[in-house]
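Asker: The structure file model38.cif (mmCIF, C-alpha atoms and all ligand atoms) is provided below.
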```cif
data_start
#
loop_
_atom_site.label_atom_id
_atom_site.label_comp_id
_atom_site.auth_asym_id
_atom_site.auth_seq_id
_atom_site.Cartn_x
_atom_site.Cartn_y
_atom_site.Cartn_z
CA MET A 15 0.59 3.37 6.29
CA GLN A 16 3.60 5.30 7.63
CA ASN A 17 6.29 2.68 6.84
CA THR A 18 5.30 1.94 3.28
CA GLU A 19 3.73 5.27 2.55
CA LYS A 20 2.64 5.72 -1.04
CA LYS A 21 3.70 9.01 -2.56
CA TYR A 22 1.04 9.07 -5.27
CA LEU A 23 -2.60 8.16 -4.62
CA SER A 24 -5.15 8.38 -7.41
CA LYS A 25 -7.98 6.09 -6.30
CA MET A 26 -9.96 5.65 -3.09
CA MET A 27 -8.63 2.10 -2.81
CA ASP A 28 -5.12 3.56 -2.54
CA PHE A 29 -6.06 4.60 1.02
CA GLY A 30 -6.77 0.98 1.98
CA GLU A 31 -10.07 0.28 3.71
CA VAL A 32 -12.45 3.26 3.69
CA LEU A 33 -15.45 3.06 5.99
CA ASP A 34 -17.57 5.97 4.82
CA ARG A 35 -17.83 8.05 1.69
CA GLN A 36 -17.83 11.61 2.87
CA HIS A 37 -19.65 13.26 -0.03
CA SER A 38 -22.85 11.92 1.57
CA VAL A 39 -22.72 14.73 4.16
CA TYR A 40 -23.81 17.05 1.32
CA GLY A 41 -26.94 14.97 0.69
CA SER A 42 -30.48 15.86 1.73
CA GLU A 43 -33.32 13.70 3.05
CA PHE A 44 -35.72 16.29 1.66
CA VAL A 45 -34.29 15.84 -1.85
CA LYS A 46 -34.40 12.04 -1.47
CA LYS A 47 -38.13 12.35 -0.78
CA MET A 48 -38.53 14.58 -3.85
CA ILE A 49 -36.89 11.86 -5.96
CA GLU A 50 -39.22 9.21 -4.47
CA ASN A 51 -42.10 11.53 -5.39
CA GLY A 52 -41.14 11.64 -9.07
CA GLY A 53 -38.83 14.63 -8.71
CA ARG A 54 -41.43 16.97 -7.24
CA PHE A 55 -42.35 18.73 -4.02
CA VAL A 56 -45.73 20.43 -3.66
CA SER A 57 -45.75 23.01 -0.90
CA ASP A 58 -48.72 23.05 1.48
CA ARG A 59 -47.85 26.61 2.43
CA THR A 60 -47.72 28.25 -1.00
CA GLY A 61 -49.20 25.63 -3.34
CA ILE A 62 -46.09 25.89 -5.53
CA THR A 63 -44.79 22.76 -7.25
CA TYR A 64 -41.00 22.47 -7.30
CA ARG A 65 -39.53 20.19 -9.98
CA ILE A 66 -36.09 18.69 -10.35
CA PRO A 67 -34.71 16.83 -13.41
CA THR A 68 -34.12 13.06 -13.39
CA HIS A 69 -30.34 13.68 -13.28
CA PHE A 70 -28.81 16.47 -11.26
CA GLY A 71 -26.15 17.26 -8.69
CA PHE A 72 -22.90 15.51 -7.86
CA CYS A 73 -21.36 13.45 -10.65
CA TYR A 74 -19.11 10.47 -9.97
CA GLY A 75 -16.00 12.60 -10.55
CA VAL A 76 -16.98 15.17 -7.95
CA GLU A 77 -17.96 12.47 -5.46
CA LYS A 78 -14.55 10.84 -5.89
CA SER A 79 -12.76 14.16 -5.49
CA ILE A 80 -14.65 15.10 -2.32
CA ASP A 81 -14.18 11.61 -0.86
CA MET A 82 -10.44 11.63 -1.53
CA ALA A 83 -9.90 15.19 -0.24
CA PHE A 84 -11.79 14.62 3.02
CA GLU A 85 -10.27 11.15 3.47
CA THR A 86 -6.84 12.80 3.23
CA VAL A 87 -7.81 15.23 5.98
CA LYS A 88 -9.07 12.36 8.13
CA ARG A 89 -6.04 10.10 7.60
CA PHE A 90 -3.36 12.73 8.05
CA PRO A 91 -4.49 15.07 10.85
CA ASP A 92 -0.93 16.12 11.69
CA ARG A 93 0.27 16.91 8.18
CA ARG A 94 -0.01 20.11 6.17
CA ILE A 95 -2.44 19.62 3.29
CA PHE A 96 -2.56 21.84 0.20
CA LEU A 97 -4.60 21.99 -2.98
CA THR A 98 -3.50 22.85 -6.54
CA HIS A 99 -6.83 24.68 -7.05
CA ASP A 100 -10.21 24.72 -5.32
CA VAL A 101 -11.03 21.00 -5.23
CA ILE A 102 -14.32 21.43 -7.13
CA HIS A 103 -16.25 24.48 -8.33
CA ASN A 104 -18.50 24.80 -5.33
CA PRO A 105 -17.99 27.50 -2.68
CA LYS A 106 -19.60 25.47 0.14
CA VAL A 107 -17.33 22.43 -0.29
CA ASN A 108 -14.24 24.61 -0.67
CA GLN A 109 -15.11 26.59 2.45
CA ASP A 110 -15.54 23.33 4.40
CA LEU A 111 -12.03 22.23 3.37
CA LYS A 112 -10.64 25.64 4.27
CA GLU A 113 -12.12 25.29 7.74
CA LYS A 114 -10.16 22.04 8.01
CA HIS A 115 -6.98 24.04 7.28
CA VAL A 116 -6.58 22.80 3.71
CA VAL A 117 -4.92 25.63 1.79
CA VAL A 118 -4.83 26.38 -1.95
CA LEU A 119 -1.21 26.79 -3.10
CA ASN A 120 -0.09 30.18 -4.39
CA ARG A 121 0.98 30.65 -7.99
CA SER A 122 3.45 33.00 -9.63
CA ALA A 123 2.47 35.63 -12.20
CA ASP A 124 3.09 33.05 -14.96
CA ASN A 125 0.79 30.54 -13.22
CA GLN A 126 3.53 28.26 -11.82
CA LEU A 127 2.90 26.64 -8.45
CA ILE A 128 5.03 28.18 -5.69
CA LEU A 129 6.43 25.18 -3.83
CA ASP A 130 9.54 26.61 -2.12
CA ASP A 131 8.08 26.16 1.35
CA LEU A 132 6.91 22.54 0.89
CA THR A 133 8.65 19.61 2.58
CA LYS A 134 8.43 15.86 1.93
CA ASP A 135 5.95 15.53 4.78
CA ASP A 136 3.41 17.77 3.09
CA ILE A 137 0.48 16.54 1.02
CA VAL A 138 -0.89 18.16 -2.12
CA VAL A 139 -4.35 17.28 -3.42
CA ILE A 140 -4.98 17.74 -7.15
CA ALA A 141 -8.49 19.00 -7.93
CA ALA A 142 -11.23 17.05 -9.78
CA PHE A 143 -10.51 18.82 -13.07
CA GLY A 144 -6.80 18.01 -12.88
CA SER A 145 -3.77 20.23 -13.08
CA LYS A 146 -1.24 21.02 -15.79
CA HIS A 147 1.31 18.33 -16.58
CA ARG A 148 4.08 20.71 -15.43
CA ASP A 149 2.39 21.10 -11.99
CA VAL A 150 2.32 17.35 -11.45
CA GLU A 151 5.97 16.99 -12.46
CA GLN A 152 6.95 19.79 -10.07
CA LEU A 153 5.09 18.10 -7.21
CA LYS A 154 6.71 14.73 -7.88
CA ALA A 155 10.13 16.40 -8.00
CA LYS A 156 9.40 17.94 -4.61
CA ASN A 157 8.77 14.44 -3.24
CA VAL A 158 5.54 15.47 -1.47
CA MET A 159 2.65 13.04 -1.21
CA VAL A 160 0.29 13.70 -4.15
CA VAL A 161 -3.40 12.81 -3.84
CA ASP A 162 -4.58 13.05 -7.43
CA THR A 163 -8.38 13.32 -7.60
CA THR A 164 -8.52 14.06 -11.34
CA CYS A 165 -11.74 12.60 -12.76
CA GLY A 166 -11.31 9.52 -14.94
CA ALA A 167 -13.46 11.09 -17.68
CA ILE A 168 -10.93 13.92 -17.96
CA VAL A 169 -8.00 11.49 -18.01
CA LEU A 170 -9.66 9.79 -21.01
CA VAL A 171 -9.65 13.12 -22.86
CA TRP A 172 -5.97 13.58 -21.96
CA LYS A 173 -5.16 10.18 -23.47
CA ARG A 174 -6.84 11.27 -26.69
CA VAL A 175 -4.89 14.55 -26.76
CA GLU A 176 -1.65 12.66 -26.06
CA LYS A 177 -2.40 10.40 -29.00
CA TYR A 178 -3.04 13.37 -31.27
CA ALA A 179 0.26 14.94 -30.14
CA GLN A 180 2.26 11.73 -30.60
CA ASN A 181 0.98 11.59 -34.19
CA GLN A 182 1.59 15.33 -34.71
CA TYR A 183 -2.06 16.32 -34.92
CA THR A 184 -2.75 19.67 -33.27
CA SER A 185 -5.43 19.39 -30.59
CA ILE A 186 -8.27 21.82 -31.23
CA ILE A 187 -9.86 22.03 -27.81
CA HIS A 188 -13.42 23.29 -27.57
CA GLY A 189 -13.40 24.93 -24.16
CA ILE A 190 -12.89 28.02 -22.06
CA TRP A 191 -9.23 28.89 -22.51
CA ASP A 192 -8.50 29.89 -18.91
CA HIS A 193 -10.55 27.11 -17.27
CA GLU A 194 -8.30 24.85 -15.20
CA GLU A 195 -9.50 21.68 -16.94
CA THR A 196 -8.84 23.09 -20.40
CA GLN A 197 -5.39 24.32 -19.39
CA ALA A 198 -4.58 20.87 -17.98
CA THR A 199 -5.88 19.17 -21.14
CA ALA A 200 -3.86 21.48 -23.38
CA SER A 201 -0.71 20.67 -21.39
CA GLN A 202 -1.04 17.01 -22.43
CA ALA A 203 -0.29 18.11 -26.02
CA THR A 204 2.79 20.16 -25.16
CA LYS A 205 4.24 17.42 -22.99
CA PHE A 206 4.91 15.56 -26.24
CA GLY A 207 6.33 18.69 -27.84
CA TRP A 208 3.28 19.26 -30.01
CA HIS A 209 0.59 21.93 -30.24
CA PHE A 210 -2.92 22.97 -29.24
CA LEU A 211 -5.41 25.70 -30.00
CA ILE A 212 -8.39 26.47 -27.78
CA ILE A 213 -11.63 27.64 -29.38
CA ARG A 214 -14.70 28.81 -27.52
CA ASN A 215 -17.48 28.50 -30.07
CA HIS A 216 -18.57 28.08 -33.67
CA GLU A 217 -17.36 31.54 -34.63
CA GLU A 218 -13.84 30.60 -33.57
CA ALA A 219 -14.09 27.31 -35.50
CA ARG A 220 -14.95 29.49 -38.51
CA ASP A 221 -11.63 31.33 -38.00
CA ILE A 222 -9.81 28.00 -38.50
CA GLU A 223 -11.77 27.41 -41.68
CA ARG A 224 -10.99 30.93 -42.90
CA PHE A 225 -7.31 30.29 -42.32
CA VAL A 226 -7.12 26.91 -44.06
CA LYS A 227 -9.10 28.38 -46.96
CA LYS A 228 -6.46 31.16 -47.09
CA GLU A 229 -9.02 33.89 -46.41
CA ILE A 230 -6.94 35.31 -43.54
CA SER A 231 -3.19 35.56 -42.98
CA SER A 232 -1.14 33.86 -40.26
CA GLU A 233 -0.50 37.27 -38.68
CA ASP A 234 -4.18 38.12 -38.46
CA PHE A 235 -5.02 34.67 -37.15
CA MET A 236 -2.38 34.83 -34.44
CA LYS A 237 -3.41 38.33 -33.33
CA LYS A 238 -6.60 36.74 -32.04
CA TYR A 239 -5.24 33.40 -30.80
CA VAL A 240 -1.81 34.11 -29.36
CA LYS A 241 -3.07 33.52 -25.78
CA LYS A 242 -5.13 30.50 -26.76
CA ALA A 243 -2.43 28.58 -28.62
CA SER A 244 0.68 26.68 -27.59
CA SER A 245 4.02 28.49 -27.55
CA GLY A 246 5.57 28.50 -31.03
CA PHE A 247 2.22 27.85 -32.71
CA ASN A 248 2.42 28.50 -36.44
CA PRO A 249 -0.92 28.15 -38.22
CA GLU A 250 0.85 27.43 -41.53
CA LEU A 251 2.38 24.31 -39.98
CA HIS A 252 0.07 23.42 -37.13
CA LEU A 253 -3.37 23.63 -38.73
CA LYS A 254 -2.60 21.06 -41.42
CA ARG A 255 -3.51 18.11 -39.20
CA ILE A 256 -5.97 18.59 -36.38
CA GLY A 257 -7.75 16.43 -33.79
CA ILE A 258 -10.79 17.65 -31.87
CA ALA A 259 -11.21 17.37 -28.12
CA SER A 260 -13.35 19.32 -25.69
CA GLN A 261 -13.61 20.43 -22.13
CA THR A 262 -15.85 17.71 -20.71
CA THR A 263 -18.53 20.14 -19.54
CA MET A 264 -19.27 22.08 -22.73
CA LEU A 265 -22.68 22.09 -24.37
CA LYS A 266 -22.80 18.75 -26.14
CA SER A 267 -24.78 20.10 -29.10
CA GLU A 268 -22.23 22.88 -29.65
CA THR A 269 -19.25 20.49 -29.50
CA LEU A 270 -20.87 18.10 -31.99
CA GLU A 271 -21.74 20.96 -34.30
CA ILE A 272 -18.14 22.28 -34.23
CA GLN A 273 -16.77 18.78 -34.90
CA GLU A 274 -19.00 18.30 -37.94
CA PHE A 275 -18.31 21.81 -39.22
CA LEU A 276 -14.51 21.39 -39.11
CA LYS A 277 -14.72 17.88 -40.51
CA ALA A 278 -16.59 19.23 -43.55
CA SER A 279 -14.18 22.20 -43.88
CA TYR A 280 -11.11 19.95 -43.88
CA ALA A 281 -12.71 17.47 -46.27
CA ALA A 282 -13.31 20.34 -48.70
CA VAL A 283 -9.85 21.92 -48.33
CA PHE A 284 -7.96 18.62 -48.45
CA ALA A 285 -10.17 16.93 -51.02
CA GLY A 286 -8.61 13.69 -52.26
CA ALA A 287 -6.75 12.94 -49.01
CA LYS A 288 -7.77 10.02 -46.77
CA PRO A 289 -10.41 11.15 -44.21
CA ASP A 290 -8.12 11.09 -41.18
CA ASP A 291 -4.95 12.33 -42.87
CA HIS A 292 -5.86 15.83 -41.74
CA PHE A 293 -8.74 15.51 -39.29
CA MET A 294 -9.61 13.33 -36.31
CA LYS A 295 -12.41 13.59 -33.78
CA TYR A 296 -13.54 11.92 -30.61
CA ASP A 297 -16.53 12.61 -28.37
CA THR A 298 -15.08 13.98 -25.15
CA ILE A 299 -18.19 15.32 -23.38
CA CYS A 300 -18.51 13.20 -20.23
CA SER A 301 -21.59 11.04 -19.67
CA ALA A 302 -22.53 12.86 -16.45
CA THR A 303 -22.61 16.20 -18.29
CA GLN A 304 -24.71 14.68 -21.07
CA GLU A 305 -27.18 13.14 -18.64
CA ARG A 306 -27.66 16.44 -16.79
CA GLN A 307 -28.16 18.41 -19.99
CA ASP A 308 -30.58 15.83 -21.44
CA ALA A 309 -32.57 15.63 -18.19
CA LEU A 310 -32.89 19.41 -18.04
CA PHE A 311 -34.11 19.55 -21.64
CA GLN A 312 -36.77 17.02 -20.63
CA LEU A 313 -37.85 19.06 -17.59
CA LEU A 314 -38.10 22.18 -19.75
CA GLU A 315 -40.87 20.49 -21.74
CA GLU A 316 -43.09 21.15 -18.72
CA PRO A 317 -44.82 24.50 -18.13
CA LEU A 318 -42.48 26.23 -15.66
CA ASP A 319 -42.79 29.79 -14.41
CA LEU A 320 -39.25 30.17 -13.16
CA VAL A 321 -36.01 28.15 -13.22
CA LEU A 322 -33.34 28.41 -10.56
CA VAL A 323 -30.02 26.80 -11.50
CA ILE A 324 -27.75 26.32 -8.49
CA GLY A 325 -23.97 26.04 -8.69
CA GLY A 326 -20.68 27.91 -8.43
CA PHE A 327 -20.28 30.84 -10.82
CA ASN A 328 -17.00 29.27 -12.04
CA SER A 329 -18.73 25.94 -12.73
CA SER A 330 -18.78 25.48 -16.49
CA ASN A 331 -21.38 22.69 -16.51
CA THR A 332 -23.74 24.73 -14.28
CA THR A 333 -23.41 27.76 -16.56
CA HIS A 334 -24.36 25.61 -19.54
CA LEU A 335 -27.44 24.32 -17.71
CA SER A 336 -28.43 27.93 -17.07
CA GLU A 337 -27.82 28.75 -20.75
CA ILE A 338 -30.11 25.87 -21.80
CA ALA A 339 -32.91 26.86 -19.39
CA SER A 340 -32.73 30.58 -20.19
CA LEU A 341 -33.72 29.86 -23.79
CA ARG A 342 -37.18 28.79 -22.57
CA PHE A 343 -37.98 30.31 -19.20
CA PRO A 344 -36.94 33.15 -16.84
CA THR A 345 -33.78 31.62 -15.34
CA PHE A 346 -31.41 32.66 -12.59
CA HIS A 347 -28.08 30.93 -11.92
CA VAL A 348 -27.39 31.37 -8.20
CA ARG A 349 -24.72 29.91 -5.91
CA GLY A 350 -27.19 29.12 -3.14
CA PRO A 351 -29.86 30.73 -0.95
CA GLU A 352 -27.53 33.63 -0.10
CA ASP A 353 -27.91 34.94 -3.66
CA LEU A 354 -31.69 35.20 -3.23
CA THR A 355 -31.11 38.47 -1.43
CA ASP A 356 -34.77 39.15 -0.75
CA SER A 357 -38.10 38.67 -2.47
CA ALA A 358 -37.32 41.60 -4.79
CA MET A 359 -33.62 41.05 -5.51
CA VAL A 360 -31.52 38.19 -6.82
CA GLN A 361 -27.80 38.08 -7.55
CA HIS A 362 -27.07 35.77 -10.47
CA LEU A 363 -24.67 34.92 -13.28
CA ASP A 364 -25.82 35.87 -16.75
CA PRO A 365 -25.02 32.82 -18.94
CA THR A 366 -24.37 34.89 -22.07
CA SER A 367 -22.20 37.74 -20.79
CA LEU A 368 -20.84 35.68 -17.85
CA GLN A 369 -21.28 38.82 -15.74
CA ILE A 370 -22.71 38.74 -12.22
CA ARG A 371 -25.91 40.78 -12.20
CA THR A 372 -28.47 41.90 -9.70
CA SER A 373 -32.05 41.66 -10.93
CA SER A 374 -35.24 42.83 -9.33
CA ASP A 375 -38.72 41.46 -9.45
CA TRP A 376 -37.53 37.87 -9.89
CA LEU A 377 -40.13 36.23 -7.67
CA LYS A 378 -43.67 36.81 -8.89
CA ARG A 379 -46.50 36.19 -6.44
CA ASN A 380 -48.51 34.21 -8.99
CA ILE A 381 -45.94 31.55 -9.86
CA LYS A 382 -47.13 27.97 -9.76
CA THR A 383 -44.19 25.80 -10.84
CA VAL A 384 -40.48 26.30 -10.22
CA GLY A 385 -37.85 24.15 -11.94
CA ILE A 386 -34.57 23.63 -10.13
CA GLY A 387 -31.39 22.44 -11.81
CA THR A 388 -28.03 21.82 -10.19
CA GLY A 389 -24.55 21.40 -11.62
CA ALA A 390 -22.29 18.40 -11.17
CA SER A 391 -20.52 20.06 -8.23
CA THR A 392 -23.62 21.29 -6.37
CA PRO A 393 -24.58 19.60 -3.08
CA ASP A 394 -28.22 18.42 -2.92
CA VAL A 395 -28.65 20.20 0.37
CA LEU A 396 -28.61 23.51 -1.53
CA ILE A 397 -31.83 22.52 -3.35
CA GLU A 398 -33.54 22.16 0.01
CA LYS A 399 -32.18 25.51 1.21
CA VAL A 400 -33.15 27.37 -1.94
CA ILE A 401 -36.71 26.01 -1.79
CA ALA A 402 -36.92 27.00 1.88
CA ARG A 403 -35.80 30.53 0.99
CA VAL A 404 -38.39 30.88 -1.80
CA GLU A 405 -41.11 29.61 0.53
CA GLU A 406 -40.01 32.04 3.23
CA TYR A 407 -40.24 35.03 0.85
CA LEU A 408 -43.63 34.05 -0.49
CA THR A 409 -45.17 33.58 2.95
CA ALA A 410 -43.61 36.63 4.63
S1 LIG A 501 -18.55 16.63 -14.89
FE1 LIG A 501 -17.80 14.74 -15.88
S2 LIG A 501 -15.64 15.13 -16.24
FE2 LIG A 501 -16.30 16.65 -14.76
S3 LIG A 501 -15.83 15.73 -12.78
FE3 LIG A 501 -17.94 15.18 -13.30
S4 LIG A 501 -17.85 13.16 -14.28
FE4 LIG A 501 -15.78 14.07 -14.30
#
```
Take the structure in the file and give it back as structure tokens.
Answerer:
Amino acid sequence: MQNTEKKYLSKMMDFGEVLDRQHSVYGSEFVKKMIENGGRFVSDRTGITYRIPTHFGFCYGVEKSIDMAFETVKRFPDRRIFLTHDVIHNPKVNQDLKEKHVVVLNRSADNQLILDDLTKDDIVVIAAFGSKHRDVEQLKAKNVMVVDTTCGAIVLVWKRVEKYAQNQYTSIIHGIWDHEETQATASQATKFGWHFLIIRNHEEARDIERFVKKEISSEDFMKKYVKKASSGFNPELHLKRIGIASQTTMLKSETLEIQEFLKASYAAVFAGAKPDDHFMKYDTICSATQERQDALFQLLEEPLDLVLVIGGFNSSNTTHLSEIASLRFPTFHVRGPEDLTDSAMVQHLDPTSLQIRTSSDWLKRNIKTVGIGTGASTPDVLIEKVIARVEEYLTA
């Protein structure tokens, strides 16, 4: 590979022949047996039934990202390897890469990659959720090898946002404004010199409606959205034609509801215009996110006493699974067994406030059925470890 070295790799096949897919090291024989047993494990020690949904854990995008990152480490043992961000939102996987001397690049106060120290022999891996267009251009200009593990489902959203921008539709992105994926998606609009606005929820979609119905002024609108809009954003000019996109891991029901709400608002305000003169939409929730949300809804039809949702606290799709489960049952979003501090204490992320909390009395002695959900970046092995920890506490 040294003589004809590629400088930009974006698929596993770009490495040539690959003998093993390394995400499998995060698998679990125990979980495979649970799947064979209809997604359940009944403990002989405690009598508790543990249930998992039909779809859970690593999605194809995360598998690709892990495979490409670890393959890079394996292929280039003598080269310095960096990351644009943590490769996925899972502390265990990121720690494993750190132990292999893969380092996350520093950024300046205005979020620019600091690349002064890089040479052409260095390698930079782009995380599963992508990186801003400007980051990628900077890396190419530096002539380093780029291993781009951005998930294909996210690239599809980018293509949609590019299309909106090329036709001068402002991308209204339903997402978390400072999430890396949303920032990268928004940058696809500005690369064509056009605009974006990031909204978090229905209430923020209502602000757009209030503005186009002239219920609030540009100044008042921008007071709230200056950080969430592209530079030079002028609502008078840039809310006349909008196209909807979303962070791929948002709650599907919420994204659809926002799309329909804004579609109706624009149809009312611009009555008489052709339907897509002012408004365009496209479903940009990825299939893996949908499958995990749908499977969890199905599991929640069962009588559960407790739900443990496992995944990184910065994992958007895991947080949404926790949000879904918490509407029906006592639910704790934990990163792994280490957050089950003891039988009386649990450290967890509250899905509404997004604050890390410590709660007591989480594990009742009389529980019979525990549901376990995992996000798209959560290794299966953590299910096994969390169950082992619950069993340990209940038999101590
Ligand atoms: S959750 Fe969807 S978009 Fe995100 S990495 Fe996985 S497959 Fe790709």
Asker: List as a ChimeraX atom specification the protein and nucleic acid residues lying within 12 Å of ligand LIG 501 (chain A), with only C-alpha atoms and all ligand atoms counted.
Answerer: /A:70-80,101-103,141-144,163-172,194-196,199,260-265,298-307,329-332,334,388-392
Asker: Let me have the centre and edge lengths of the axis-aligned box enclosing all listed atoms of range 119-126 of chain A with 3 Å padding on every side, in Å to one decimal, as lines of an AutoDock Vina configuration file.
Answerer:
```
center_x = 1.2
center_y = 31.2
center_z = -9.0
size_x = 10.7
size_y = 14.8
size_z = 17.9
```
Asker: At a cut-off of 9 Å, using all atoms listed in the file, what residues contact Tyr22 in chain A? Leave out same-chain residues fewer than 3 positions from it and give the result as JSON, numbers by chain.
Answerer: {"A": [28, 154, 158, 159, 160, 161, 162]}
Asker: Kindly export the residues of the current selection with C-alpha atoms, as a CSV table (one decimal), keeping the file's coordinate frame.
Answerer:
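Output below, filename selection02.csv:
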```
chain,number,residue,atom,x,y,z
A,28,ASP,CA,-5.1,3.6,-2.5
A,154,LYS,CA,6.7,14.7,-7.9
A,158,VAL,CA,5.5,15.5,-1.5
A,159,MET,CA,2.6,13.0,-1.2
A,160,VAL,CA,0.3,13.7,-4.2
A,161,VAL,CA,-3.4,12.8,-3.8
A,162,ASP,CA,-4.6,13.0,-7.4
```
Asker: From (-8.2, 30.3, -43.4), in the file's coordinates, out to 12 Å: which residues are reached, counting all atoms listed in the file? Answer as a PyMOL selection string.
Answerer: chain A and resi 218-236+249-250+253-254+276+279-280+283
Asker: Applying 6 Å and all atoms listed in the file, which residues near Pro365 in chain A remain after dropping the ones on its own chain fewer than 3 positions away? List them as a list of chain:residue names.
Answerer: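 Neighbouring residues, sequence-local ones excluded: A:Thr333, A:Glu337, A:Leu368.
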Asker: Of the candidates A:Arg148, A:Lys238, A:Asp290, A:Arg59, which shows the shortest atom-to-atom distance to Tyr407 in chain A, using only C-alpha atoms?
Answerer: A:Arg59
Asker: Could you give me, as a PyMOL selection string, the residues within 7 Å of Ala259 in chain A, counting all atoms listed in the file and dropping anything in the same chain fewer than 3 positions from it?
Answerer: chain A and resi 171+185-188+295-296+298
Asker: Nearest to Ala198 in chain A: which of A:Leu335, A:Lys173, A:Val45, A:Lys146 is it, counting all atoms listed in the file?
Answerer: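 Distance minimum relative to Ala198 in chain A lands on A:Lys146.
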Asker: Out of A:Leu320, A:Leu153, A:Ile258, A:Ala309, which residue has the shortest atom-to-atom distance to Lys134 in chain A when counting all atoms listed in the file?
Answerer: A:Leu153
Asker: Quote the spacing between CA of Ser42 in chain A and CA of Leu354 in chain A in Å to one decimal place.
Answerer: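 Separating CA of Ser42 in chain A from CA of Leu354 in chain A is a distance of 20.0 Å.
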Asker: Provide the CA of Val321 in chain A to CA of Phe55 in chain A distance in Å, to one decimal place.
Answerer: 14.6 Å
Asker: Which residues, written as a PyMOL selection string, have at least one atom at most 8 Å from range 112-123 of chain A, with all atoms listed in the file counted and residues fewer than 4 positions away on the same chain left out?
Answerer: chain A and resi 87+94-100+108+127-129
Asker: If we count all atoms listed in the file, what is near His216 in chain A at a cut-off of 9 Å, once residues fewer than 5 positions away on the same chain are taken out, given as a compact mmCIF listing (two decimals) with C-alpha atoms, in the coordinates of the input?
Answerer:
```txt
# COMPACT_ATOMS: atom_id res chain seq x y z
CA ASP A 221 -11.63 31.33 -38.00
CA GLU A 268 -22.23 22.88 -29.65
CA THR A 269 -19.25 20.49 -29.50
CA GLU A 271 -21.74 20.96 -34.30
CA ILE A 272 -18.14 22.28 -34.23
CA PHE A 275 -18.31 21.81 -39.22
```
Asker: Would you mind completing range 383-398 of chain A to N, CA and C atoms and writing the output as a PDB file, in the coordinates of the input?
Answerer:
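Contents of result.pdb, as written:
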```pdb
ATOM      1  N   THR A 383     -45.166  26.901 -10.717  1.00  0.00           N
ATOM      2  CA  THR A 383     -44.190  25.800 -10.840  1.00  0.00           C
ATOM      3  C   THR A 383     -42.790  26.355 -11.002  1.00  0.00           C
ATOM      4  N   VAL A 384     -41.875  25.861 -10.173  1.00  0.00           N
ATOM      5  CA  VAL A 384     -40.480  26.300 -10.220  1.00  0.00           C
ATOM      6  C   VAL A 384     -39.605  25.090 -10.565  1.00  0.00           C
ATOM      7  N   GLY A 385     -38.805  25.204 -11.609  1.00  0.00           N
ATOM      8  CA  GLY A 385     -37.850  24.150 -11.940  1.00  0.00           C
ATOM      9  C   GLY A 385     -36.514  24.456 -11.267  1.00  0.00           C
ATOM     10  N   ILE A 386     -35.869  23.419 -10.774  1.00  0.00           N
ATOM     11  CA  ILE A 386     -34.570  23.630 -10.130  1.00  0.00           C
ATOM     12  C   ILE A 386     -33.550  22.676 -10.758  1.00  0.00           C
ATOM     13  N   GLY A 387     -32.474  23.255 -11.256  1.00  0.00           N
ATOM     14  CA  GLY A 387     -31.390  22.440 -11.810  1.00  0.00           C
ATOM     15  C   GLY A 387     -30.133  22.655 -10.980  1.00  0.00           C
ATOM     16  N   THR A 388     -29.294  21.637 -10.898  1.00  0.00           N
ATOM     17  CA  THR A 388     -28.030  21.820 -10.190  1.00  0.00           C
ATOM     18  C   THR A 388     -26.894  21.226 -11.002  1.00  0.00           C
ATOM     19  N   GLY A 389     -25.727  21.856 -10.890  1.00  0.00           N
ATOM     20  CA  GLY A 389     -24.550  21.400 -11.620  1.00  0.00           C
ATOM     21  C   GLY A 389     -23.922  20.182 -10.955  1.00  0.00           C
ATOM     22  N   ALA A 390     -22.924  19.641 -11.630  1.00  0.00           N
ATOM     23  CA  ALA A 390     -22.290  18.400 -11.170  1.00  0.00           C
ATOM     24  C   ALA A 390     -21.472  18.584  -9.899  1.00  0.00           C
ATOM     25  N   SER A 391     -21.268  19.831  -9.474  1.00  0.00           N
ATOM     26  CA  SER A 391     -20.520  20.060  -8.230  1.00  0.00           C
ATOM     27  C   SER A 391     -21.405  20.704  -7.153  1.00  0.00           C
ATOM     28  N   THR A 392     -22.720  20.628  -7.322  1.00  0.00           N
ATOM     29  CA  THR A 392     -23.620  21.290  -6.370  1.00  0.00           C
ATOM     30  C   THR A 392     -24.207  20.291  -5.371  1.00  0.00           C
ATOM     31  N   PRO A 393     -23.993  20.508  -4.078  1.00  0.00           N
ATOM     32  CA  PRO A 393     -24.580  19.600  -3.080  1.00  0.00           C
ATOM     33  C   PRO A 393     -26.108  19.642  -3.101  1.00  0.00           C
ATOM     34  N   ASP A 394     -26.745  18.477  -2.926  1.00  0.00           N
ATOM     35  CA  ASP A 394     -28.220  18.420  -2.920  1.00  0.00           C
ATOM     36  C   ASP A 394     -28.822  19.306  -1.841  1.00  0.00           C
ATOM     37  N   VAL A 395     -28.101  19.446  -0.743  1.00  0.00           N
ATOM     38  CA  VAL A 395     -28.650  20.200   0.370  1.00  0.00           C
ATOM     39  C   VAL A 395     -28.980  21.640  -0.046  1.00  0.00           C
ATOM     40  N   LEU A 396     -28.320  22.141  -1.086  1.00  0.00           N
ATOM     41  CA  LEU A 396     -28.610  23.510  -1.530  1.00  0.00           C
ATOM     42  C   LEU A 396     -29.978  23.614  -2.205  1.00  0.00           C
ATOM     43  N   ILE A 397     -30.470  22.507  -2.765  1.00  0.00           N
ATOM     44  CA  ILE A 397     -31.830  22.520  -3.350  1.00  0.00           C
ATOM     45  C   ILE A 397     -32.827  22.778  -2.219  1.00  0.00           C
ATOM     46  N   GLU A 398     -32.645  22.020  -1.138  1.00  0.00           N
ATOM     47  CA  GLU A 398     -33.540  22.160   0.010  1.00  0.00           C
ATOM     48  C   GLU A 398     -33.510  23.595   0.550  1.00  0.00           C
TER      49      GLU A 398
END
```
